[in-house]
Every structure is written in structure tokens, then in C-alpha cells.
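J.: File follows, run.cif with mmCIF, C-alpha atoms and all ligand atoms:
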```cif
data_input
loop_
_atom_site.label_atom_id
_atom_site.label_comp_id
_atom_site.auth_asym_id
_atom_site.auth_seq_id
_atom_site.Cartn_x
_atom_site.Cartn_y
_atom_site.Cartn_z
CA MET A 1 102.99 91.36 87.69
CA ASP A 2 103.81 89.64 90.95
CA SER A 3 100.48 88.86 92.50
CA GLU A 4 101.99 87.95 95.85
CA LYS A 5 100.64 90.21 98.58
CA ASN A 6 102.08 91.27 101.92
CA ILE A 7 100.51 89.18 104.63
CA LYS A 8 98.98 91.61 107.08
CA GLN A 9 96.94 91.08 110.18
CA LYS A 10 93.27 91.42 109.43
CA PRO A 11 92.06 94.70 110.84
CA GLY A 12 89.06 94.70 113.14
CA ILE A 13 85.84 96.02 111.68
CA SER A 14 84.80 99.11 113.53
CA ARG A 15 81.22 100.32 113.62
CA ARG A 16 82.38 103.41 111.73
CA SER A 17 83.96 101.29 108.98
CA PHE A 18 80.86 99.15 108.80
CA LEU A 19 78.60 102.14 108.44
CA LYS A 20 80.88 103.64 105.83
CA THR A 21 80.87 100.48 103.78
CA ALA A 22 77.19 99.81 104.21
CA GLY A 23 76.59 103.36 103.13
CA ALA A 24 78.91 102.95 100.18
CA ILE A 25 77.24 99.76 99.05
CA GLY A 26 73.82 101.33 99.41
CA ALA A 27 74.86 104.42 97.52
CA VAL A 28 76.53 102.42 94.77
CA GLY A 29 73.55 100.14 94.40
CA ALA A 30 71.09 103.00 94.32
CA LEU A 31 73.10 105.13 91.95
CA ALA A 32 73.97 102.23 89.71
CA SER A 33 70.39 101.16 89.39
CA MET A 34 69.27 104.74 88.77
CA ALA A 35 71.88 105.13 86.07
CA ASN A 36 71.56 101.55 84.81
CA ILE A 37 75.33 101.26 84.84
CA PRO A 38 76.73 98.04 83.38
CA GLY A 39 79.33 96.22 85.44
CA VAL A 40 77.74 96.66 88.86
CA THR A 41 75.64 93.57 88.36
CA ASP A 42 77.50 92.09 85.38
CA GLN A 43 80.11 89.95 87.14
CA LYS A 44 82.08 89.39 83.92
CA GLU A 45 83.02 93.06 83.90
CA VAL A 46 84.29 93.14 87.48
CA TYR A 47 88.10 93.15 87.70
CA ALA A 48 88.33 94.22 84.05
CA VAL A 49 92.10 94.30 83.73
CA THR A 50 93.49 94.34 80.21
CA THR A 51 97.05 93.34 79.34
CA HIS A 52 98.91 94.86 76.40
CA ASP A 53 101.58 93.41 74.11
CA THR A 54 103.11 96.82 73.43
CA PHE A 55 103.68 100.00 75.43
CA PRO A 56 100.14 101.32 75.98
CA VAL A 57 100.85 105.05 75.57
CA GLU A 58 101.13 106.71 72.17
CA LEU A 59 104.48 108.27 71.22
CA SER A 60 104.96 110.82 68.44
CA GLU A 61 107.27 110.30 65.47
CA ASP A 62 109.61 113.01 66.76
CA PHE A 63 109.84 111.44 70.22
CA LYS A 64 113.28 111.92 71.79
CA ARG A 65 114.82 110.65 75.00
CA PHE A 66 114.48 113.06 77.90
CA ASP A 67 117.48 115.05 79.14
CA PHE A 68 117.67 115.15 82.97
CA LYS A 69 119.00 118.70 82.76
CA ASN A 70 115.40 119.76 82.10
CA VAL A 71 113.94 118.29 85.29
CA VAL A 72 112.77 121.29 87.30
CA PHE A 73 115.12 120.54 90.25
CA MET A 74 118.10 120.58 87.89
CA ARG A 75 116.92 123.79 86.29
CA GLY A 76 117.42 125.25 89.77
CA PHE A 77 121.16 124.99 89.05
CA TRP A 78 121.25 126.63 85.62
CA ASP A 79 117.95 128.28 84.67
CA PRO A 80 117.58 131.90 85.93
CA LYS A 81 113.80 131.44 85.93
CA ILE A 82 113.97 128.57 88.43
CA GLN A 83 117.08 129.50 90.47
CA PRO A 84 115.29 131.85 92.93
CA ILE A 85 112.55 129.25 93.52
CA ALA A 86 115.16 126.54 94.14
CA GLN A 87 117.07 128.65 96.67
CA VAL A 88 113.98 129.18 98.81
CA GLN A 89 112.81 125.59 98.43
CA GLN A 90 116.21 124.17 99.40
CA ALA A 91 116.66 126.45 102.42
CA LYS A 92 113.22 125.55 103.78
CA PHE A 93 113.32 121.86 102.91
CA SER A 94 116.75 121.29 104.50
CA ASN A 95 115.45 122.84 107.76
CA GLN A 96 117.89 125.77 107.59
CA MET A 97 114.90 128.04 108.10
CA PRO A 98 112.49 127.45 111.00
CA PRO A 99 109.22 125.77 109.96
CA ALA A 100 105.99 127.79 110.02
CA GLY A 101 104.91 126.26 113.35
CA ASN A 102 101.30 125.31 112.63
CA PRO A 103 100.20 121.62 112.72
CA GLY A 104 102.15 119.68 110.09
CA TYR A 105 104.89 122.33 110.16
CA THR A 106 106.14 122.15 113.76
CA GLU A 107 109.76 121.57 114.80
CA ILE A 108 108.80 117.94 115.52
CA ASP A 109 107.30 117.48 112.04
CA ALA A 110 110.42 119.06 110.49
CA ALA A 111 112.69 116.77 112.51
CA LEU A 112 110.73 113.70 111.37
CA ASN A 113 111.06 114.85 107.77
CA GLN A 114 114.84 115.19 108.09
CA ALA A 115 115.06 111.78 109.78
CA ALA A 116 113.00 110.10 107.04
CA TRP A 117 115.31 111.41 104.31
CA ALA A 118 118.50 110.66 106.30
CA ILE A 119 119.55 107.41 104.58
CA HIS A 120 118.84 108.84 101.16
CA ASP A 121 120.79 112.00 102.00
CA SER A 122 123.83 110.18 103.37
CA ALA A 123 124.00 107.17 101.05
CA SER A 124 122.56 108.33 97.73
CA PRO A 125 122.08 112.11 97.83
CA LYS A 126 122.75 112.61 94.14
CA SER A 127 120.25 110.02 92.94
CA ALA A 128 117.37 112.50 93.32
CA TYR A 129 119.41 114.87 91.16
CA GLY A 130 119.72 112.30 88.39
CA ILE A 131 123.37 111.45 88.91
CA PRO A 132 123.90 107.72 88.34
CA ALA A 133 126.00 105.39 90.50
CA ALA A 134 126.69 108.03 93.17
CA GLY A 135 126.92 107.20 96.87
CA PRO A 136 127.76 103.94 98.66
CA LEU A 137 124.34 102.32 98.17
CA MET A 138 124.03 103.25 94.49
CA ALA A 139 127.56 102.35 93.28
CA TRP A 140 127.73 100.34 90.06
CA ASP A 141 131.42 99.41 90.11
CA VAL A 142 130.81 96.45 92.42
CA PRO A 143 132.28 93.16 91.16
CA SER A 144 129.95 90.22 90.53
CA ASN A 145 130.56 86.69 91.77
CA SER A 146 132.80 84.72 89.38
CA ARG A 147 130.48 81.69 89.85
CA LYS A 148 127.50 82.33 87.60
CA TYR A 149 124.25 80.61 88.55
CA THR A 150 122.30 79.25 85.57
CA PHE A 151 118.49 79.44 85.67
CA SER A 152 116.49 76.88 83.71
CA ASP A 153 114.78 79.68 81.73
CA PRO A 154 113.90 83.42 81.98
CA GLU A 155 110.56 82.55 83.58
CA GLU A 156 112.23 80.78 86.49
CA ALA A 157 114.74 83.63 86.78
CA SER A 158 111.88 86.16 87.00
CA ARG A 159 110.06 84.18 89.64
CA ILE A 160 113.17 83.90 91.82
CA VAL A 161 114.20 87.54 91.38
CA LYS A 162 110.70 88.75 92.24
CA ARG A 163 110.56 86.54 95.33
CA ALA A 164 113.92 87.92 96.44
CA ALA A 165 112.87 91.51 95.77
CA ARG A 166 109.71 91.11 97.83
CA PHE A 167 111.68 89.52 100.65
CA LEU A 168 114.23 92.36 100.50
CA GLY A 169 111.57 95.03 100.93
CA ALA A 170 109.75 95.72 97.64
CA SER A 171 106.01 96.35 98.07
CA LEU A 172 105.46 95.50 94.38
CA VAL A 173 107.81 94.27 91.70
CA GLY A 174 107.46 94.00 87.94
CA ILE A 175 109.87 93.27 85.11
CA CYS A 176 110.26 94.77 81.66
CA ASP A 177 112.73 94.35 78.85
CA TYR A 178 115.47 96.94 78.56
CA ASP A 179 114.17 99.80 76.39
CA GLU A 180 116.56 102.64 75.70
CA ARG A 181 113.69 105.08 75.04
CA TRP A 182 113.19 105.51 78.80
CA VAL A 183 116.85 106.03 79.64
CA TYR A 184 117.76 109.72 80.04
CA SER A 185 119.79 110.95 77.10
CA HIS A 186 122.08 112.80 79.53
CA TRP A 187 122.59 113.43 83.21
CA TYR A 188 123.74 116.85 84.33
CA ASN A 189 126.74 117.64 86.50
CA PRO A 190 125.73 120.90 88.20
CA PHE A 191 129.21 121.50 89.66
CA GLU A 192 130.88 121.55 86.24
CA ALA A 193 127.79 122.64 84.26
CA GLN A 194 128.19 119.64 82.00
CA SER A 195 125.70 117.30 80.32
CA ILE A 196 127.01 113.74 80.17
CA PRO A 197 125.46 110.90 78.12
CA VAL A 198 123.98 108.14 80.28
CA GLN A 199 125.91 104.91 79.78
CA PHE A 200 125.83 101.55 81.52
CA PRO A 201 129.04 99.63 82.25
CA PHE A 202 127.41 96.53 80.65
CA GLU A 203 124.64 95.76 78.16
CA PRO A 204 121.36 95.59 80.11
CA LYS A 205 118.75 93.02 79.07
CA SER A 206 116.07 93.47 81.70
CA VAL A 207 114.83 95.99 84.24
CA ILE A 208 113.40 95.08 87.65
CA VAL A 209 111.01 97.85 88.65
CA ILE A 210 110.24 98.15 92.35
CA ALA A 211 107.40 100.08 94.00
CA LEU A 212 107.59 101.01 97.67
CA GLU A 213 104.38 101.86 99.50
CA MET A 214 104.39 105.28 101.20
CA ASN A 215 102.82 105.60 104.65
CA TYR A 216 99.08 106.29 104.32
CA GLU A 217 98.74 108.34 107.53
CA GLY A 218 101.65 110.57 106.53
CA ILE A 219 100.44 111.10 102.95
CA LYS A 220 96.96 111.94 104.24
CA THR A 221 98.35 115.10 105.89
CA ALA A 222 99.42 116.59 102.51
CA PRO A 223 100.85 119.06 101.82
CA SER A 224 102.46 119.10 105.30
CA LEU A 225 106.00 118.12 106.31
CA LEU A 226 104.60 114.79 107.46
CA GLU A 227 103.70 114.07 103.83
CA SER A 228 107.29 114.96 102.89
CA ALA A 229 108.46 112.55 105.58
CA ALA A 230 106.32 109.76 104.09
CA ALA A 231 107.96 110.39 100.71
CA GLY A 232 111.43 110.73 102.27
CA ASN A 233 111.10 107.42 104.10
CA GLU A 234 110.66 105.66 100.78
CA TYR A 235 113.45 107.66 99.11
CA SER A 236 115.66 106.24 101.85
CA ASN A 237 114.22 102.76 101.28
CA MET A 238 114.70 103.08 97.50
CA SER A 239 118.46 103.21 98.09
CA GLY A 240 118.47 100.25 100.45
CA VAL A 241 116.06 97.95 98.61
CA SER A 242 117.52 98.58 95.14
CA HIS A 243 121.03 98.05 96.57
CA LYS A 244 119.97 94.72 98.11
CA VAL A 245 118.34 93.51 94.87
CA ALA A 246 121.48 94.50 92.90
CA THR A 247 123.59 92.61 95.46
CA PHE A 248 121.42 89.50 95.02
CA LEU A 249 121.99 89.58 91.25
CA ARG A 250 125.73 90.21 91.66
CA GLN A 251 126.02 87.28 94.07
CA LEU A 252 124.50 85.06 91.36
CA GLY A 253 127.20 86.23 88.93
CA TYR A 254 125.18 88.82 86.99
CA LYS A 255 125.79 92.50 86.51
CA ALA A 256 123.42 95.00 88.06
CA ALA A 257 122.99 98.79 88.16
CA ASN A 258 120.52 100.09 90.74
CA CYS A 259 118.88 103.48 90.40
CA GLY A 260 116.49 105.75 92.24
CA ASN A 261 115.23 108.72 90.24
CA ASP A 262 118.48 108.79 88.26
CA THR A 263 119.39 107.17 84.93
CA ALA A 264 115.92 106.44 83.52
CA LEU A 265 112.31 107.54 83.77
CA SER A 266 110.66 105.42 86.44
CA VAL A 267 107.00 105.97 85.46
CA PRO A 268 107.14 104.53 81.91
CA LEU A 269 109.31 101.67 83.17
CA ALA A 270 106.70 100.90 85.84
CA ILE A 271 103.97 100.98 83.19
CA ALA A 272 106.01 98.70 80.90
CA ALA A 273 106.59 96.32 83.84
CA GLY A 274 102.86 96.00 84.49
CA LEU A 275 102.85 97.78 87.86
CA GLY A 276 100.06 100.18 86.94
CA GLU A 277 98.56 102.69 84.57
CA MET A 278 99.29 106.26 83.50
CA SER A 279 97.22 108.97 85.21
CA ARG A 280 96.25 112.62 85.01
CA MET A 281 98.66 113.56 87.84
CA GLY A 282 101.60 111.98 85.99
CA MET A 283 102.22 109.27 88.59
CA VAL A 284 101.68 105.59 87.88
CA ILE A 285 98.47 104.33 89.51
CA THR A 286 98.96 100.85 90.94
CA ARG A 287 96.06 98.51 91.64
CA GLU A 288 97.24 97.95 95.21
CA TYR A 289 98.15 101.44 96.46
CA GLY A 290 97.02 103.81 93.73
CA PRO A 291 99.67 106.53 93.26
CA ARG A 292 100.96 106.19 96.86
CA VAL A 293 104.28 104.57 95.87
CA ARG A 294 107.86 105.57 95.12
CA LEU A 295 109.67 103.79 92.34
CA CYS A 296 113.22 102.54 91.87
CA LYS A 297 114.76 100.12 89.42
CA VAL A 298 117.62 97.70 88.81
CA PHE A 299 119.10 97.18 85.33
CA THR A 300 120.72 93.77 84.80
CA ASP A 301 122.33 91.63 82.13
CA LEU A 302 120.30 88.63 83.39
CA GLU A 303 117.59 87.75 80.89
CA LEU A 304 114.23 87.80 82.65
CA LYS A 305 110.70 87.11 81.43
CA ALA A 306 108.98 90.48 81.15
CA ASP A 307 105.53 91.26 82.53
CA LYS A 308 102.92 92.88 80.32
CA PRO A 309 101.59 96.41 80.73
CA ILE A 310 98.08 96.55 82.17
CA SER A 311 95.16 98.91 82.13
CA PHE A 312 92.23 98.77 84.50
CA GLY A 313 90.23 101.87 83.65
CA VAL A 314 92.41 104.62 85.17
CA LYS A 315 92.66 106.66 81.99
CA GLU A 316 88.89 106.58 81.51
CA PHE A 317 88.26 107.50 85.14
CA CYS A 318 90.81 110.36 85.04
CA LYS A 319 88.84 111.97 82.20
CA SER A 320 85.93 112.68 84.55
CA CYS A 321 87.47 112.60 88.05
CA LEU A 322 89.86 115.61 88.17
CA LYS A 323 90.12 115.39 91.96
CA CYS A 324 93.92 115.82 91.85
CA ALA A 325 93.55 118.94 89.69
CA ASP A 326 90.89 120.33 92.04
CA SER A 327 93.12 119.60 95.08
CA CYS A 328 96.39 120.92 93.61
CA PRO A 329 97.43 124.05 95.54
CA GLY A 330 99.79 125.02 92.70
CA GLU A 331 97.09 124.68 90.01
CA ALA A 332 99.69 122.66 88.13
CA ILE A 333 97.66 119.68 86.89
CA SER A 334 96.04 119.65 83.46
CA ARG A 335 92.28 119.88 83.34
CA ASP A 336 92.13 118.80 79.67
CA LYS A 337 89.51 116.18 78.94
CA GLU A 338 91.87 113.96 76.95
CA PRO A 339 95.60 113.23 77.10
CA SER A 340 97.50 115.02 74.32
CA PHE A 341 100.97 115.89 73.05
CA ASP A 342 100.69 119.42 74.54
CA THR A 343 103.39 120.45 77.02
CA TYR A 344 103.72 123.35 79.48
CA ASN A 345 107.49 123.85 79.34
CA ILE A 346 110.80 122.04 78.87
CA SER A 347 110.32 120.05 82.08
CA ASN A 348 107.67 117.97 80.30
CA HIS A 349 108.78 115.03 78.18
CA ALA A 350 107.57 115.99 74.69
CA GLY A 351 106.37 113.32 72.28
CA VAL A 352 104.33 111.31 74.81
CA LYS A 353 100.54 111.47 74.65
CA LYS A 354 99.54 112.17 78.25
CA TRP A 355 98.28 114.73 80.71
CA CYS A 356 101.12 117.02 81.70
CA VAL A 357 101.88 118.62 85.05
CA ASP A 358 103.30 122.14 85.04
CA ALA A 359 106.45 121.44 87.06
CA GLU A 360 107.28 125.15 87.33
CA LYS A 361 104.01 125.86 89.16
CA CYS A 362 104.34 122.69 91.24
CA TYR A 363 107.89 123.63 92.32
CA GLN A 364 106.81 127.18 93.15
CA PHE A 365 104.25 125.73 95.54
CA TRP A 366 106.92 123.51 97.11
CA ALA A 367 109.02 126.61 97.76
CA ASP A 368 106.04 128.47 99.26
CA ASN A 369 105.07 125.43 101.31
CA GLY A 370 108.47 124.57 102.74
CA GLY A 371 108.11 120.84 102.10
CA ASP A 372 107.15 118.97 99.00
CA CYS A 373 103.39 118.52 98.60
CA GLY A 374 101.76 115.24 97.52
CA SER A 375 98.22 116.68 97.61
CA CYS A 376 97.59 115.01 94.25
CA ILE A 377 98.52 111.60 95.71
CA ALA A 378 96.53 112.13 98.92
CA SER A 379 93.40 113.21 97.09
CA CYS A 380 93.29 110.46 94.45
CA PRO A 381 90.37 108.03 94.89
CA TYR A 382 92.78 105.18 94.02
CA ASN A 383 94.83 105.96 97.16
CA LYS A 384 93.58 103.09 99.29
CA ILE A 385 94.96 100.82 102.03
CA ASP A 386 94.65 97.14 102.82
CA GLU A 387 91.43 97.38 104.84
CA TRP A 388 88.26 95.70 103.76
CA HIS A 389 86.19 98.78 102.94
CA HIS A 390 89.16 100.13 100.94
CA LYS A 391 89.43 96.76 99.15
CA LEU A 392 85.78 97.13 98.21
CA SER A 393 86.55 100.53 96.71
CA ARG A 394 89.50 99.08 94.78
CA ALA A 395 87.36 96.31 93.35
CA PHE A 396 84.71 98.86 92.48
CA ALA A 397 87.33 101.02 90.74
CA GLU A 398 87.89 98.18 88.29
CA THR A 399 84.28 98.13 87.13
CA PRO A 400 82.70 100.44 84.56
CA ALA A 401 80.78 102.05 87.46
CA ARG A 402 84.06 103.59 88.66
CA SER A 403 82.85 107.02 87.59
CA LEU A 404 80.98 107.11 90.93
CA LEU A 405 84.17 106.66 92.90
CA ARG A 406 84.98 110.33 93.25
CA TYR A 407 81.42 111.02 94.37
CA LEU A 408 81.70 108.31 97.04
CA ASP A 409 85.14 109.49 98.16
CA ASP A 410 83.89 113.04 98.53
CA ALA A 411 80.73 111.87 100.31
CA PHE A 412 82.76 109.91 102.90
CA GLY A 413 85.40 112.62 103.36
CA TYR A 414 88.34 110.77 101.79
CA GLY A 415 91.19 112.64 100.14
CA LYS A 416 90.58 116.10 101.63
CA VAL A 417 93.91 117.89 101.70
CA GLY A 418 95.20 120.70 103.92
CA ASN A 419 93.40 119.43 107.03
CA GLU A 420 95.56 120.39 110.05
CA GLN A 421 93.65 118.01 112.33
CA LEU A 422 95.12 115.06 110.39
CA ALA A 423 98.63 116.27 111.28
CA ILE A 424 97.64 116.52 114.97
CA ASP A 425 96.06 113.05 114.83
CA PHE A 426 99.21 111.62 113.20
CA TRP A 427 101.11 112.02 116.49
CA LYS A 428 98.32 110.47 118.58
CA LYS A 429 98.49 107.07 116.87
S1 LIG B 1 102.74 117.87 94.24
FE1 LIG B 1 101.19 119.40 94.88
S2 LIG B 1 101.61 121.21 93.64
FE2 LIG B 1 102.65 119.49 92.65
S3 LIG B 1 101.18 118.68 91.15
FE3 LIG B 1 100.87 117.49 93.04
S4 LIG B 1 99.23 118.61 94.10
FE4 LIG B 1 100.06 120.01 92.56
S1 LIG B 2 92.70 112.05 91.32
FE1 LIG B 2 91.30 111.35 89.74
S2 LIG B 2 91.98 112.41 87.88
FE2 LIG B 2 93.64 112.52 89.35
S3 LIG B 2 94.97 110.75 88.91
FE3 LIG B 2 93.54 110.12 90.53
S4 LIG B 2 91.85 109.18 89.41
FE4 LIG B 2 92.99 110.39 87.91
#
```
Can I see the file as C-alpha cells?
T.:
Amino acid sequence: MDSEKNIKQKPGISRRSFLKTAGAIGAVGALASMANIPGVTDQKEVYAVTTHDTFPVELSEDFKRFDFKNVVFMRGFWDPKIQPIAQVQQAKFSNQMPPAGNPGYTEIDAALNQAAWAIHDSASPKSAYGIPAAGPLMAWDVPSNSRKYTFSDPEEASRIVKRAARFLGASLVGICDYDERWVYSHWYNPFEAQSIPVQFPFEPKSVIVIALEMNYEGIKTAPSLLESAAAGNEYSNMSGVSHKVATFLRQLGYKAANCGNDTALSVPLAIAAGLGEMSRMGMVITREYGPRVRLCKVFTDLELKADKPISFGVKEFCKSCLKCADSCPGEAISRDKEPSFDTYNISNHAGVKKWCVDAEKCYQFWADNGGDCGSCIASCPYNKIDEWHHKLSRAFAETPARSLLRYLDDAFGYGKVGNEQLAIDFWKK
């Protein structure tokens, strides 16, 4: 994984931050000593990140590629069970109906949400619906330079491509080998009610997986329209950044196919590319931003050196944390102790040992809410920013004492969702 970090101005240390951190350190020390927890004092166990040579999630023998037709949004086009939910959700989300009017749902919040999604909606509107190569920023039929640049080896190629991707707007970038298992078996054309096999116009060798940080202040207001705006901003950026990275590869004489949500499952690709670890809420948890990222990817015929999948204790922590499940207004997140092969419905990818989210319940809440939601992301103790007391939490999360993290988050008031004051405060910044 690219370890290069955004260079940000060091934030000032407020008295409030200091007290929070001092309190956190005191609480951790006291609790750790009471519980005699290894890792708090054992420096060797701090930053316990493990790399894996193979994909770190178990697949069943009858594993099959996922068909995009079964994504809950697509079921809104063909499944009578989901169609009424989709109609309400679409009418509210596209601002055809007036917003509720309370903080987080005002006309101003709704306008910001529409503005954040604008580039996505004009340049790649079908990407979110799984349709590949649709829209000016997502087109694949773009010729590559006839002069092909030769890298000395795949390692050099990876280093250069990652540097370019970071410069072009990626918050994080990782690379994995092409693996057909994560490519959708079909995409669905809702206008002709047709399932079409996903095919690339060239033979991909590598996948560049890009994570884009979502705005912390917006996500904090979940499940309001300001949270939807934070997600929409990065949907818009997914189109632009993936298009720029594909253009870089094409200018060097290689073929490239950029994708948002379409074409392939982003979460397993991000795991394979070493960007983070699987979680209870179904999102990838990154070390830098937790689940507060959107993902896009670029398939290329350039051979790149792949990163290795990592784990840093997320799965173990998710077993006891459950904060996303407790915060989920749709009661859609599994509360099972262990990941399993159990599924809720056809919108889950069967054959993958994980915690599932009930997408039908989640989507019902989106329709009721009028925006999307993101309460799971906002509540997660891994959702941290680049401030020093948050960095301390992140470091702590990579020790075996991480089981205290939820306690500390709750004690300091982090990750509380549905707080209207946060939506009011958003506009005062
Ligand atoms: S987006 Fe909201 S409703 Fe859906 S799983 Fe997350 S918390 Fe639950
Ligand atoms: S909130 Fe807790 S249980 Fe849910 S994904 Fe984050 S760490 Fe895991």
C-alpha cells in the first residue's frame, strides 16, 4: 500500500482536544492495567499489521460471480418487492419532493446534496447503476498513445502509477492483480430488461484501486442530506479521478478502463489491493480514514506489482464492537458474533464468509429518510481524521487493547448519529 500521506497543516491543539486526549490516555492506562491487557505496554504489539499472500476472506466451493441485477438499486427496476421503495427513494433523493425541513433536511441542505452529485449525474450517471463505460468521463473506447513507454519493471511501474494517482486526486491507492472473481458476471440494462455479460475491450492484467476520503463534517451529520452530499461529492470525484488515472495510462500507451461502482465489486478489490480490511458493516475499513471512503478502480493491461492484503485487527474488533449495528436506523446490520456464509436475500453475494447487511431494510430506510444514510460509517470508531488525538486512537486501534475503543468513543461522544445540532453547526464552519 502506498504509504505516502497528504501533507496537511498541523492543527492547533485546543484545550478541549488536550483534555479529551489526556482523558483518553488516562482511561486507557487505567482500564488496561485493570484488565492486564497485552499490547498497551508491549511495544512489539503496537501497529500489529499482518500482510497476507492470498485473499484473506474465505470463499465457499460453490462461490459464483455476483450479478449486478441483484443489487438492491437495480431490483428497483424489475423486482415488484423493491419497485415501490425505489419510486419513493428516487423522488425524494432527486429533490422532486420538498425536503422535510428540519436541520439536515432544509432546502439549503437539499441543494448542497444535488450540487455534490452534479458531476457524477452529468458525466457518469449510469456508473452507480452498474453500467460500464457510460458517460463522457467513464468511456472506455478512448485510443491509447501509439508510443508505448517501457518501465524497467512492474515495481517501478507501480510506484509511478501510484504517484500519479495521488497527484491526480486519490486519497489512497493500492494495486492488485486482475482477478475475474470480483468482476460482475453481468450488468443489467433496465431500459431493455436485459442482462449482459461484463467484458473488457482488452485483457486486463492489473487493477488500480483508489479510495477517496469523504468529508468528516458532512458524514458526522448522518443520516441527513449533508451526509448524502459528502458521499455525492466523492461519487463526482470518482468519475474525475478515475478518468484522469485512465488518461495517464493511455498517454503512456497502455489500455485502461475506469469504473465507479460498475463492472466489479470495489470492496474485495480494495481488500486485495491492501487498502484495508473487511468489516461488519460491509465497507472496507482503511487504516487512514476507517470506512469513510468511496472506492473506484482502473483496469489496465500494464503489468504492475501488486500490493498485499492486510489485516490490523478489524475483524476481531467488529466481533465485540457492534456500534454500526446499534446505530443503524434500518436495523439492517448483522449482529452475529462471527462472519458466516449466511445471507439475507439475493442482494447479498453468496459464497463469501462475512457479515451481511440486509440491503432491503437499508434501502427502505433510505426511502423513508429521503437521502441515503451513512450512519454506519459515521458511528464506526475507525472513522477518524488527521488530528493528533484521532491519530492516537488509530494507533490504539492497532493494538490488542482495541476492544476499549468503542467504550472510549462512546465516553467522548464520538459517532453519535441523528444529532440535528451537527447539521446546524455544519453551516457555521
Ligand atoms: S446506510 Fe444506514 S440503514 Fe444502511 S446499513 Fe448503514 S446505517 Fe443501516
Ligand atoms: S462500527 Fe464497530 S462493528 Fe461496525 S464496522 Fe466499525 S468497528 Fe466494526
J.: Counting only C-alpha atoms, which of A:Leu249, A:Leu304, A:Cys324, A:Ala157 gets nearest to Ser206 (chain A)?
T.: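 The shortest atom-to-atom distance to Ser206 (chain A) comes from A:Leu304.
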J.: Find the residues near ligand LIG 2 (chain B). Use a cut-off of 6 Å, count all atoms listed in the file, and write them as a list in words.
T.: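 Final answer, ordered by chain and number: Ser279, Arg280, Met281, Phe317, Cys318, Cys321, Leu322, Lys323, Cys324, Ser379, Cys380 and Pro381 of chain A.
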J.: Which chains and residue numbers are within 9 Å of ligand LIG 1 (chain B), counting all atoms listed in the file, if I want them as a ChimeraX atom specification?
T.: /A:222-223,281-282,324-333,357-359,361-366,372-379
J.: Taking a cut-off of 10 Å and counting all atoms listed in the file, can you build a table that, for each residue of region 306-404 of chain A near region 274-278 of chain A, reports the nearest atom pair and how far apart they are in Å (one decimal), sorted by chain then residue number, as a Markdown table?
T.:
```
| residue | atom | partner | partner_atom | distance |
| --- | --- | --- | --- | --- |
| A:Ala306 | CA | A:Gly274 | CA | 8.9 |
| A:Asp307 | CA | A:Gly274 | CA | 5.8 |
| A:Lys308 | CA | A:Gly274 | CA | 5.2 |
| A:Pro309 | CA | A:Gly274 | CA | 4.0 |
| A:Ile310 | CA | A:Gly274 | CA | 5.3 |
| A:Ser311 | CA | A:Glu277 | CA | 5.6 |
| A:Phe312 | CA | A:Glu277 | CA | 7.4 |
| A:Gly313 | CA | A:Glu277 | CA | 8.4 |
| A:Val314 | CA | A:Glu277 | CA | 6.5 |
| A:Lys315 | CA | A:Met278 | CA | 6.8 |
| A:Cys318 | CA | A:Met278 | CA | 9.5 |
| A:Lys354 | CA | A:Met278 | CA | 7.9 |
| A:Trp355 | CA | A:Met278 | CA | 9.0 |
```
J.: So, counting all atoms listed in the file, which residue among A:Leu405, A:Val245, A:Ala48, A:Val183 is closest to Pro268 (chain A)?
T.: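 So, comparing all the options, the nearest one is A:Val183.
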J.: Please provide as a list in words all residues within 9 Å of Gly418 (chain A), with the sequence filter that same-chain residues fewer than 2 positions apart are discarded (counting only C-alpha atoms).
T.: Lys220, Thr221, Ala222, Pro223, Ser224, Ser375, Lys416, Glu420, Gln421 and Leu422 of chain A
J.: A:Glu360, A:Glu203, A:Asp121, A:Glu180: which is nearest Lys81 (chain A), counting all atoms listed in the file?
T.: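 Using all atoms listed in the file, the shortest distance to Lys81 (chain A) belongs to A:Glu360.
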J.: What is the distance, in Å and to one decimal place, between CA of Arg406 (chain A) and CA of Tyr235 (chain A)?
T.: 29.2 Å
J.: Just the number, please: distance in Å from CA of Ser185 (chain A) to CA of Leu59 (chain A), one decimal.
T.: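 Value for the CA of Ser185 (chain A)-CA of Leu59 (chain A) distance: 16.6 Å.
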J.: Rounded to one decimal place, report the CA of Asp141 (chain A)-CA of Trp117 (chain A) distance in Å.
T.: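 Computed distance, CA of Asp141 (chain A) to CA of Trp117 (chain A), equals 24.6 Å.
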J.: Pick out the residues sitting within 9 Å of Ser242 (chain A), and hand them over as a PDB file with C-alpha atoms, in the frame of the given file; count all atoms listed in the file, and ignore anything fewer than 3 positions along from it in its own chain.
T.:
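result09.pdb was written with the following content:
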```
ATOM      1  CA  LEU A 137     124.340 102.320  98.170  1.00  0.00           C
ATOM      2  CA  MET A 138     124.030 103.250  94.490  1.00  0.00           C
ATOM      3  CA  ALA A 165     112.870  91.510  95.770  1.00  0.00           C
ATOM      4  CA  LEU A 168     114.230  92.360 100.500  1.00  0.00           C
ATOM      5  CA  ALA A 170     109.750  95.720  97.640  1.00  0.00           C
ATOM      6  CA  ILE A 210     110.240  98.150  92.350  1.00  0.00           C
ATOM      7  CA  ASN A 237     114.220 102.760 101.280  1.00  0.00           C
ATOM      8  CA  MET A 238     114.700 103.080  97.500  1.00  0.00           C
ATOM      9  CA  SER A 239     118.460 103.210  98.090  1.00  0.00           C
ATOM     10  CA  VAL A 245     118.340  93.510  94.870  1.00  0.00           C
ATOM     11  CA  ALA A 246     121.480  94.500  92.900  1.00  0.00           C
ATOM     12  CA  THR A 247     123.590  92.610  95.460  1.00  0.00           C
ATOM     13  CA  ALA A 257     122.990  98.790  88.160  1.00  0.00           C
ATOM     14  CA  ASN A 258     120.520 100.090  90.740  1.00  0.00           C
ATOM     15  CA  CYS A 259     118.880 103.480  90.400  1.00  0.00           C
ATOM     16  CA  GLY A 260     116.490 105.750  92.240  1.00  0.00           C
ATOM     17  CA  CYS A 296     113.220 102.540  91.870  1.00  0.00           C
ATOM     18  CA  LYS A 297     114.760 100.120  89.420  1.00  0.00           C
ATOM     19  CA  VAL A 298     117.620  97.700  88.810  1.00  0.00           C
TER      20      VAL A 298
END
```
J.: Excluding Gly351 (chain A) and residues on its chain fewer than 4 positions from it, collect all residues at most 9 Å away from it, counting only C-alpha atoms, and give them as a list in words.
T.: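 Contacts, with the query itself left out: Glu58, Leu59, Ser60, Glu61, Asp62, Phe63, Lys64, Phe341 and Asp342 of chain A.
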J.: Let me have the centre and edge lengths in Å, one decimal, of the box along x, y and z around every listed atom of region 277-284 of chain A with 4 Å of margin on each side, as JSON.
T.:
```
{"center_x": 99.2, "center_y": 108.1, "center_z": 86.0, "size_x": 14.0, "size_y": 18.9, "size_z": 13.1}
```
